[in-house]
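Visitor: Sending over query-v5.cif (mmCIF, C-alpha atoms).
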```
data_my_file
loop_
_atom_site.label_atom_id
_atom_site.label_comp_id
_atom_site.auth_asym_id
_atom_site.auth_seq_id
_atom_site.Cartn_x
_atom_site.Cartn_y
_atom_site.Cartn_z
CA MET A 1 -35.23 -55.64 -21.75
CA SER A 2 -32.95 -57.44 -19.25
CA SER A 3 -32.09 -55.87 -15.89
CA GLN A 4 -28.47 -55.54 -17.03
CA SER A 5 -29.49 -53.62 -20.15
CA LEU A 6 -31.84 -51.42 -18.12
CA SER A 7 -29.07 -50.68 -15.65
CA HIS A 8 -26.74 -49.74 -18.53
CA VAL A 9 -29.36 -47.37 -19.98
CA GLN A 10 -29.89 -45.76 -16.57
CA LYS A 11 -26.17 -45.23 -16.02
CA SER A 12 -25.75 -43.74 -19.50
CA PHE A 13 -28.69 -41.40 -18.91
CA LEU A 14 -27.29 -40.18 -15.61
CA LYS A 15 -23.80 -39.79 -17.06
CA TYR A 16 -25.09 -37.46 -19.76
CA GLN A 17 -28.02 -36.03 -17.78
CA HIS A 18 -26.92 -32.40 -18.19
CA ILE A 19 -27.08 -32.73 -21.97
CA LEU A 20 -30.34 -34.69 -21.97
CA VAL A 21 -32.02 -32.38 -19.45
CA PHE A 22 -31.35 -29.36 -21.65
CA ILE A 23 -32.48 -31.17 -24.80
CA ALA A 24 -36.00 -31.47 -23.30
CA PRO A 25 -36.74 -27.71 -23.16
CA LEU A 26 -35.08 -27.30 -26.56
CA LEU A 27 -37.49 -29.84 -28.06
CA PHE A 28 -40.33 -28.10 -26.21
CA LEU A 29 -39.37 -24.74 -27.73
CA VAL A 30 -39.10 -26.21 -31.23
CA SER A 31 -42.54 -27.78 -30.82
CA VAL A 32 -44.03 -24.49 -29.60
CA PHE A 33 -42.52 -22.45 -32.42
CA THR A 34 -43.58 -24.92 -35.13
CA MET A 35 -46.88 -26.38 -33.92
CA ALA A 36 -48.47 -24.30 -31.13
CA PRO A 37 -51.58 -22.32 -32.12
CA THR A 38 -50.68 -18.62 -31.87
CA PRO A 39 -52.45 -15.36 -32.78
CA SER A 40 -52.55 -14.65 -36.50
CA GLY A 41 -49.64 -12.55 -37.65
CA ALA A 42 -47.53 -13.36 -34.56
CA GLY A 43 -43.98 -12.27 -35.27
CA MET A 44 -40.78 -11.68 -33.33
CA GLU A 45 -42.45 -8.98 -31.23
CA TYR A 46 -44.98 -11.53 -29.96
CA TRP A 47 -42.32 -14.09 -28.99
CA LEU A 48 -40.05 -11.55 -27.24
CA GLN A 49 -42.84 -9.76 -25.37
CA TYR A 50 -42.14 -11.49 -22.02
CA TRP A 51 -38.34 -11.95 -22.17
CA TRP A 52 -38.07 -10.43 -18.67
CA LEU A 53 -39.78 -13.51 -17.19
CA PHE A 54 -36.58 -15.51 -17.71
CA PRO A 55 -34.51 -14.01 -14.83
CA VAL A 56 -37.58 -13.95 -12.55
CA PHE A 57 -38.40 -17.64 -13.04
CA LEU A 58 -34.71 -18.60 -12.95
CA THR A 59 -34.39 -17.07 -9.47
CA GLY A 60 -37.67 -18.58 -8.27
CA ALA A 61 -36.82 -22.06 -9.58
CA THR A 62 -33.41 -22.00 -7.91
CA ILE A 63 -34.97 -21.04 -4.57
CA VAL A 64 -37.78 -23.61 -4.52
CA ASN A 65 -35.64 -26.48 -5.81
CA THR A 66 -33.04 -25.78 -3.13
CA VAL A 67 -35.68 -26.11 -0.40
CA GLY A 68 -37.59 -28.93 -2.13
CA ILE A 69 -41.03 -27.33 -2.52
CA SER A 70 -43.36 -26.63 -5.46
CA GLY A 71 -42.31 -23.90 -7.88
CA SER A 72 -45.85 -22.62 -8.32
CA ALA A 73 -45.85 -21.59 -4.66
CA LEU A 74 -43.76 -18.63 -5.83
CA PHE A 75 -44.76 -18.45 -9.49
CA VAL A 76 -48.54 -18.19 -8.98
CA PRO A 77 -48.36 -15.30 -6.45
CA PHE A 78 -45.90 -13.53 -8.74
CA LEU A 79 -48.31 -13.85 -11.66
CA ILE A 80 -51.17 -12.55 -9.47
CA PHE A 81 -49.45 -9.50 -7.95
CA ILE A 82 -46.37 -8.51 -9.96
CA PHE A 83 -47.05 -9.64 -13.52
CA PRO A 84 -50.12 -7.34 -14.00
CA ILE A 85 -47.99 -4.30 -13.08
CA PHE A 86 -45.76 -4.87 -16.12
CA ALA A 87 -48.26 -6.60 -18.41
CA HIS A 88 -51.92 -7.46 -17.76
CA PRO A 89 -53.99 -9.54 -15.29
CA LEU A 90 -54.37 -13.26 -15.90
CA ASP A 91 -57.41 -15.32 -14.94
CA SER A 92 -56.79 -17.89 -12.20
CA SER A 93 -56.83 -20.97 -14.44
CA THR A 94 -54.34 -19.49 -16.92
CA LEU A 95 -51.85 -18.38 -14.30
CA VAL A 96 -51.98 -21.78 -12.57
CA LYS A 97 -51.42 -23.44 -15.94
CA VAL A 98 -48.35 -21.30 -16.68
CA GLY A 99 -46.99 -22.03 -13.21
CA LEU A 100 -47.56 -25.79 -13.54
CA ILE A 101 -46.04 -26.12 -17.01
CA SER A 102 -42.95 -24.21 -15.86
CA GLU A 103 -42.75 -26.14 -12.59
CA ALA A 104 -43.04 -29.51 -14.34
CA PHE A 105 -39.88 -28.84 -16.37
CA GLY A 106 -37.96 -27.25 -13.50
CA LEU A 107 -38.67 -29.97 -10.95
CA SER A 108 -38.00 -32.72 -13.49
CA SER A 109 -34.60 -31.16 -14.10
CA SER A 110 -33.83 -30.96 -10.39
CA ALA A 111 -35.20 -34.47 -9.76
CA VAL A 112 -32.69 -35.92 -12.22
CA ALA A 113 -29.91 -34.11 -10.36
CA PHE A 114 -31.01 -35.74 -7.08
CA ILE A 115 -31.26 -39.14 -8.77
CA GLN A 116 -27.68 -38.67 -9.92
CA TYR A 117 -26.66 -38.23 -6.30
CA GLY A 118 -28.55 -41.38 -5.28
CA LEU A 119 -30.99 -39.56 -3.00
CA VAL A 120 -34.32 -40.82 -4.39
CA ASP A 121 -36.23 -43.70 -2.77
CA ARG A 122 -38.11 -45.19 -5.72
CA ARG A 123 -40.51 -47.26 -3.60
CA LEU A 124 -41.63 -44.24 -1.59
CA ALA A 125 -41.89 -42.13 -4.75
CA LEU A 126 -44.04 -44.63 -6.69
CA THR A 127 -46.35 -45.19 -3.72
CA LEU A 128 -46.84 -41.47 -3.10
CA VAL A 129 -47.43 -40.61 -6.76
CA GLY A 130 -49.93 -43.44 -7.16
CA GLY A 131 -51.90 -42.39 -4.09
CA SER A 132 -51.90 -38.73 -5.10
CA ILE A 133 -53.24 -39.12 -8.65
CA PRO A 134 -57.02 -38.95 -7.95
CA PHE A 135 -56.61 -35.96 -5.64
CA VAL A 136 -54.43 -34.05 -8.13
CA VAL A 137 -56.92 -34.68 -10.95
CA GLY A 138 -59.86 -33.72 -8.71
CA GLY A 139 -58.21 -30.48 -7.63
CA ALA A 140 -57.32 -29.56 -11.21
CA LEU A 141 -60.90 -30.12 -12.39
CA LEU A 142 -62.24 -28.12 -9.45
CA SER A 143 -60.14 -25.13 -10.49
CA PHE A 144 -62.29 -24.71 -13.61
CA VAL A 145 -65.51 -24.04 -11.73
CA ILE A 146 -64.67 -22.18 -8.49
CA PRO A 147 -64.88 -18.34 -8.44
CA ASP A 148 -61.68 -16.29 -8.30
CA VAL A 149 -62.58 -15.04 -4.81
CA VAL A 150 -62.67 -18.60 -3.46
CA PHE A 151 -59.52 -19.44 -5.40
CA HIS A 152 -57.60 -16.55 -3.81
CA ALA A 153 -58.85 -17.47 -0.32
CA LEU A 154 -57.82 -21.12 -0.73
CA LEU A 155 -54.47 -20.01 -2.12
CA GLY A 156 -53.96 -17.81 0.95
CA ILE A 157 -54.78 -20.72 3.28
CA ALA A 158 -52.34 -23.00 1.46
CA LEU A 159 -49.53 -20.43 1.59
CA LEU A 160 -50.15 -19.67 5.26
CA ALA A 161 -50.02 -23.38 6.08
CA ALA A 162 -46.86 -23.77 3.97
CA SER A 163 -45.25 -20.83 5.81
CA TYR A 164 -46.03 -22.39 9.20
CA LEU A 165 -44.74 -25.80 8.13
CA LEU A 166 -41.54 -24.35 6.69
CA PHE A 167 -40.76 -22.45 9.90
CA ASN A 168 -41.22 -25.66 11.91
CA ALA A 169 -39.32 -27.93 9.52
CA ASP A 170 -35.70 -28.85 10.19
CA LEU A 171 -34.11 -28.83 6.74
CA GLY A 172 -30.53 -29.12 7.92
CA HIS A 173 -28.32 -31.71 6.25
CA GLU A 174 -26.61 -33.13 9.33
CA ASP A 175 -28.55 -36.40 9.26
CA HIS A 176 -26.11 -38.75 7.58
CA GLY A 177 -22.87 -40.48 8.35
CA SER A 178 -19.75 -40.94 6.31
CA SER A 179 -18.90 -44.34 4.95
CA ASP A 180 -15.48 -45.77 5.69
CA SER A 181 -12.95 -44.32 3.23
CA ASP A 182 -11.84 -47.83 2.28
CA HIS A 183 -15.38 -48.54 1.07
CA ALA A 184 -16.32 -45.25 -0.56
CA ALA A 185 -19.35 -45.38 -2.81
CA ALA A 186 -18.79 -45.11 -6.53
CA THR A 187 -21.13 -44.03 -9.28
CA ASP A 188 -21.99 -47.63 -10.08
CA GLY A 189 -23.38 -48.33 -6.62
CA GLY A 190 -20.22 -49.17 -4.74
CA VAL A 191 -16.79 -50.61 -5.41
CA SER A 192 -16.85 -52.88 -2.40
CA ALA A 193 -18.93 -55.99 -1.90
CA SER A 194 -19.70 -54.73 1.61
CA LEU A 195 -21.71 -51.82 0.21
CA PRO A 196 -25.40 -52.43 -0.51
CA ASN A 197 -26.26 -52.47 -4.19
CA ASP A 198 -29.92 -52.89 -5.13
CA PRO A 199 -30.02 -53.46 -8.93
CA GLY A 200 -33.44 -51.78 -9.12
CA LYS A 201 -32.37 -48.57 -7.42
CA LEU A 202 -32.71 -45.11 -8.89
CA GLY A 203 -29.34 -43.47 -9.45
CA PRO A 204 -25.87 -44.39 -8.25
CA ALA A 205 -26.70 -45.08 -4.60
CA GLY A 206 -26.09 -48.40 -2.95
CA VAL A 207 -29.37 -49.50 -1.37
CA ASN A 208 -30.24 -52.44 0.83
CA THR A 209 -33.53 -53.24 2.60
CA ALA A 210 -33.19 -55.59 5.56
CA ASP A 211 -35.80 -58.19 6.55
CA ASP A 212 -37.05 -55.89 9.33
CA GLY A 213 -37.65 -53.07 6.82
CA THR A 214 -34.58 -51.00 7.68
CA VAL A 215 -33.20 -49.25 4.59
CA THR A 216 -29.48 -48.54 4.25
CA ARG A 217 -28.57 -46.07 1.51
CA VAL A 218 -25.11 -44.89 0.44
CA ASP A 219 -25.08 -41.87 -1.90
CA ARG A 220 -22.56 -40.94 -4.58
CA ASP A 221 -20.38 -39.02 -2.12
CA GLY A 222 -20.15 -41.99 0.26
CA ASP A 223 -22.56 -40.60 2.89
CA ASP A 224 -24.86 -43.21 4.39
CA TYR A 225 -28.48 -42.98 5.57
CA THR A 226 -30.50 -45.45 7.64
CA TYR A 227 -34.29 -45.29 7.90
CA THR A 228 -37.51 -47.25 7.51
CA ARG A 229 -40.48 -46.71 5.20
CA ASP A 230 -43.00 -46.88 8.05
CA GLY A 231 -45.70 -44.20 8.24
CA TYR A 232 -47.53 -44.78 4.95
CA LEU A 233 -50.91 -43.71 6.38
CA ARG A 234 -49.55 -40.40 7.68
CA ARG A 235 -47.86 -39.66 4.38
CA PHE A 236 -50.99 -40.63 2.46
CA ALA A 237 -53.06 -38.14 4.49
CA ASN A 238 -50.61 -35.31 3.81
CA TYR A 239 -50.11 -36.13 0.15
CA SER A 240 -53.86 -36.44 -0.51
CA VAL A 241 -54.57 -32.96 0.88
CA GLY A 242 -51.45 -31.61 -0.80
CA GLY A 243 -52.44 -33.32 -4.06
CA MET A 244 -55.80 -31.52 -4.04
CA PHE A 245 -54.07 -28.16 -3.70
CA GLN A 246 -51.45 -29.20 -6.27
CA GLY A 247 -54.17 -29.64 -8.86
CA LEU A 248 -56.14 -26.60 -7.73
CA ALA A 249 -53.41 -24.00 -7.24
CA GLY A 250 -50.25 -25.61 -8.63
CA PHE A 251 -48.57 -26.28 -5.30
CA GLY A 252 -49.16 -27.88 -1.91
CA ILE A 253 -48.01 -31.46 -2.36
CA GLY A 254 -44.35 -30.49 -2.01
CA GLU A 255 -44.84 -28.48 1.17
CA LEU A 256 -47.08 -31.00 2.96
CA GLY A 257 -45.13 -33.92 1.54
CA ILE A 258 -41.73 -32.90 2.83
CA ILE A 259 -43.18 -32.37 6.30
CA SER A 260 -44.80 -35.81 6.37
CA MET A 261 -41.57 -37.52 5.30
CA LEU A 262 -39.55 -35.72 7.95
CA GLY A 263 -42.24 -36.63 10.49
CA THR A 264 -41.86 -40.31 9.61
CA LYS A 265 -38.07 -40.15 10.11
CA VAL A 266 -37.00 -40.20 6.44
CA PRO A 267 -33.57 -38.46 6.30
CA VAL A 268 -33.76 -34.87 5.06
CA ARG A 269 -31.73 -35.24 1.88
CA VAL A 270 -33.56 -38.44 0.89
CA ALA A 271 -36.90 -36.75 1.68
CA ILE A 272 -36.07 -33.73 -0.49
CA GLY A 273 -34.79 -35.87 -3.36
CA THR A 274 -37.79 -38.22 -3.30
CA ASN A 275 -40.19 -35.29 -2.96
CA HIS A 276 -38.81 -33.79 -6.18
CA ILE A 277 -39.92 -36.87 -8.12
CA VAL A 278 -43.42 -36.76 -6.58
CA VAL A 279 -43.91 -33.04 -7.19
CA ALA A 280 -42.53 -33.20 -10.74
CA LEU A 281 -44.80 -36.08 -11.80
CA THR A 282 -47.91 -34.60 -10.18
CA ALA A 283 -47.14 -31.21 -11.73
CA ILE A 284 -46.99 -32.84 -15.17
CA LEU A 285 -50.32 -34.58 -14.52
CA ALA A 286 -51.96 -31.39 -13.24
CA SER A 287 -50.61 -29.46 -16.25
CA LEU A 288 -52.23 -31.91 -18.66
CA VAL A 289 -55.58 -31.65 -16.85
CA HIS A 290 -55.39 -27.84 -16.85
CA VAL A 291 -54.67 -27.79 -20.58
CA PHE A 292 -57.28 -30.30 -21.70
CA GLY A 293 -59.74 -30.88 -18.84
CA GLY A 294 -62.05 -27.86 -18.75
CA GLY A 295 -64.75 -29.42 -20.87
CA LEU A 296 -64.98 -32.50 -18.65
CA VAL A 297 -66.65 -30.63 -15.77
CA GLY A 298 -68.76 -28.16 -17.72
CA GLY A 299 -66.43 -25.29 -16.91
CA HIS A 300 -64.57 -23.01 -19.26
CA SER A 301 -62.26 -24.99 -21.49
CA LEU A 302 -58.59 -24.13 -21.72
CA SER A 303 -57.40 -25.46 -25.03
CA LEU A 304 -53.91 -25.29 -26.44
CA ALA A 305 -54.93 -22.13 -28.27
CA THR A 306 -55.52 -20.26 -25.00
CA THR A 307 -52.07 -21.05 -23.57
CA PRO A 308 -49.79 -17.96 -23.53
CA TRP A 309 -46.95 -19.63 -25.42
CA ASN A 310 -44.91 -16.42 -25.55
CA MET A 311 -44.67 -16.65 -21.75
CA VAL A 312 -43.76 -20.32 -21.37
CA VAL A 313 -40.99 -20.13 -24.00
CA PHE A 314 -39.06 -18.13 -21.40
CA THR A 315 -40.33 -19.66 -18.16
CA VAL A 316 -39.62 -23.29 -19.13
CA PRO A 317 -35.89 -22.85 -19.97
CA ALA A 318 -35.49 -20.67 -16.86
CA THR A 319 -36.92 -23.33 -14.53
CA VAL A 320 -34.84 -26.10 -16.12
CA LEU A 321 -31.66 -24.08 -15.56
CA GLY A 322 -32.74 -23.24 -12.01
CA GLY A 323 -33.30 -26.93 -11.29
CA GLN A 324 -29.73 -27.73 -12.29
CA ILE A 325 -28.28 -24.83 -10.28
CA ALA A 326 -30.20 -25.68 -7.09
CA PRO A 327 -27.96 -28.55 -5.84
CA TYR A 328 -24.91 -26.26 -6.01
CA VAL A 329 -26.74 -23.46 -4.18
CA SER A 330 -27.82 -25.99 -1.54
CA ASN A 331 -24.18 -26.85 -0.89
CA ALA A 332 -23.05 -23.20 -0.86
CA LEU A 333 -25.77 -21.75 1.40
CA GLU A 334 -27.44 -22.78 4.63
CA THR A 335 -30.80 -24.24 3.65
CA SER A 336 -32.32 -22.65 6.76
CA VAL A 337 -31.60 -19.16 5.38
CA ILE A 338 -33.56 -19.81 2.19
CA LYS A 339 -36.25 -21.69 4.12
CA ASN A 340 -36.87 -18.75 6.49
CA PHE A 341 -36.89 -16.26 3.60
CA VAL A 342 -39.49 -18.31 1.71
CA GLY A 343 -41.54 -18.77 4.89
CA VAL A 344 -41.75 -15.01 5.49
CA LEU A 345 -42.56 -14.42 1.83
CA PHE A 346 -45.39 -16.97 1.96
CA ALA A 347 -46.88 -15.29 5.06
CA VAL A 348 -46.84 -11.84 3.42
CA ILE A 349 -48.35 -13.16 0.18
CA SER A 350 -51.10 -15.04 2.05
CA VAL A 351 -52.18 -11.83 3.83
CA ALA A 352 -52.35 -10.04 0.48
CA LEU A 353 -54.44 -12.88 -0.98
CA PHE A 354 -56.89 -12.74 1.94
CA LEU A 355 -57.26 -8.98 1.43
CA MET A 356 -57.86 -9.57 -2.29
CA ALA A 357 -60.49 -12.21 -1.54
CA LEU A 358 -62.25 -9.75 0.78
CA GLY A 359 -62.19 -7.08 -1.92
CA ILE A 360 -59.96 -4.71 0.08
#
```
Would you mind giving the structure from this file in structure tokens?
Guide:
Amino acid sequence: MSSQSLSHVQKSFLKYQHILVFIAPLLFLVSVFTMAPTPSGAGMEYWLQYWWLFPVFLTGATIVNTVGISGSALFVPFLIFIFPIFAHPLDSSTLVKVGLISEAFGLSSSAVAFIQYGLVDRRLALTLVGGSIPFVVGGALLSFVIPDVVFHALLGIALLAASYLLFNADLGHEDHGSSDSDHAAATDGGVSASLPNDPGKLGPAGVNTADDGTVTRVDRDGDDYTYTRDGYLRRFANYSVGGMFQGLAGFGIGELGIISMLGTKVPVRVAIGTNHIVVALTAILASLVHVFGGGLVGGHSLSLATTPWNMVVFTVPATVLGGQIAPYVSNALETSVIKNFVGVLFAVISVALFLMALGI
């Protein structure tokens, strides 16, 4: 396929992304209803048993996608502490699997929205995903064999670290300039020859990389960002540790990743947009390992038959919708308000997890 044809396909996809994004969960639901192994005699009562998860996961997905962190950071604690009150306890591997499957759809939805705005650096994203793969797979396989007590303790450590990092992260959006009104960016990468226009870019942004490595990016609204891609080793260190926790607990790579990008001077909005791609792809990978990988390490095997399909039929559409709502919430609210709320919530949850690990 020629670069011109590929560019045309990309533009068409982004133009109709709202329709295409919502087709994905629809196809998922049809596949679940027609092909997923379910308990014998499962009727409408089985499928509607967890309808109340929809508003819960919709709210959670909107919050985490606005801040740019992993959805499972909220979903997994909810399934540990709140879900058993209204239903029944879930073992650690199952609840991580539900969180990851839901997160994979939600973050993919939100990632497309950020691509549409031109806020995803494809080179950073591909490098970070590639470097994270072995750590995500290793963490996911480890989850099959560690005791629940250790799992809860590690989860508490990850949340406490995420809380600290969130409180110290500056997620304001005042890190860009405005392009001259005579050269405003358009959805095809710029109407003026003076605007950068990399044909291999993701989304509508104009992108140019100078010989000295300086990147100039102009998003769909005409705001411009200047940065470099220096700091690969620092980002690799953060994403490797985060990738291990992503596979183990369903989150971690988003929290550590966003901090490492901000620390290497990547503009906030570009960092959040690029991080969505990384977290979405690693969540999909971790989900696949959690569904099929138990037998590879001699641990308990989680087959398709053990997946609580009557839960994910509500959590998946909820997270997809939340991912599409998040960019609008981000514009309407101060990101710092949501960030501080999530940071406090993480700290409280981590204390509860430590108490659970100690048997108190």
Visitor: Report, in Å with one decimal, the straight-line distance from CA of Val266 in chain A to CA of Gly68 in chain A.
Guide: 14.2 Å
Visitor: What lies within 12 Å of Gln246 in chain A using all atoms listed in the file, ignoring chain neighbours under 3 positions off, as a PyMOL selection string?
Guide: chain A and resi 69-73+76+96-97+99-100+103-104+132-143+154-155+158-159+238-243+249-257+278-287+289-290
Visitor: Please return as number ranges by chain every residue within 9 Å of (-38.3, -37.3, -2.6), taking into account all atoms listed in the file and the file's own coordinates.
Guide: A: 68, 111, 114, 119-122, 124-125, 257-258, 261, 269-279
Visitor: If you measure from CA of Pro308 in chain A to CA of Pro55 in chain A, what distance in Å do you get, rounded to one decimal?
Guide: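 So the two atoms, CA of Pro308 in chain A and CA of Pro55 in chain A, lie 18.0 Å apart.
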Visitor: Could you give me, as a tab-separated table, a per-residue list for range 85-173 of chain A showing, wherever an atom lies at most 8 Å from an atom of range 312-316 of chain A, the closest pair of atoms and their distance in Å to one decimal, using only C-alpha atoms and sorting by chain then residue number from low to high?
Guide:
```
residue	atom	partner	partner_atom	distance
A:Val98	CA	A:Val312	CA	6.6
A:Ile101	CA	A:Val316	CA	7.3
A:Ser102	CA	A:Val316	CA	4.8
A:Glu103	CA	A:Val316	CA	7.8
A:Phe105	CA	A:Val316	CA	6.2
A:Gly106	CA	A:Val316	CA	7.1
```
Visitor: To one decimal place, how far is CA of Val21 in chain A from CA of Val320 in chain A in Å?
Guide: 7.6 Å
Visitor: Could you list, as a list in words, every residue matched by the PyMOL selection byres ((chain A and resi 80-92) around 10) in this structure?
Guide: Gln49, Tyr50, Trp52, Leu53, Phe75, Val76, Pro77, Phe78, Leu79, Ser93, Thr94, Leu95, Val96, Lys97, Ser143, Phe144, Ile146, Pro147, Asp148, Val149, Phe151, His152, Leu248, Ala249, Ile349, Ala352 and Leu353 of chain A
Visitor: What are the centre and edge lengths in Å, to one decimal, of the axis-aligned box around all listed atoms of range 53-67 of chain A with 3 Å added on each side, as JSON?
Guide:
```
{"center_x": -36.4, "center_y": -20.0, "center_z": -9.1, "size_x": 12.7, "size_y": 19.0, "size_z": 23.3}
```
Visitor: Of the candidates A:Leu107, A:Gly118, A:Gly156, A:Val129, which shows the shortest atom-to-atom distance to Val218 in chain A, using only C-alpha atoms?
Guide: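 Once distances to Val218 in chain A are computed over only C-alpha atoms, the minimum belongs to A:Gly118.
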Visitor: For Phe22 in chain A, which of A:Asn168, A:Ser108, A:Ser40, A:Thr66 is the closest residue, counting only C-alpha atoms?
Guide: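 Checking each candidate against Phe22 in chain A, we get A:Ser108 as the closest.
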Visitor: Go through A:Ile63, A:Ala237, A:Leu26, A:Val56 one by one, measure the shortest atom-to-atom distance of each to Val329 in chain A using all atoms listed in the file, and give the residue with the smallest value.
Guide: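 Closest to Val329 in chain A, using all atoms listed in the file: A:Ile63.
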Visitor: Could you check which of A:Leu48, A:Met35, A:Asn65, A:Ala347 is closest to Tyr328 in chain A, using all atoms listed in the file?
Guide: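 Selected residue with least distance to Tyr328 in chain A: A:Asn65.
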Visitor: Return the single residue from A:Tyr227, A:Phe54, A:Phe354, A:Phe346 that is closest to Met311 in chain A, with distances computed using only C-alpha atoms.
Guide: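 So, comparing all the options, the nearest one is A:Phe54.
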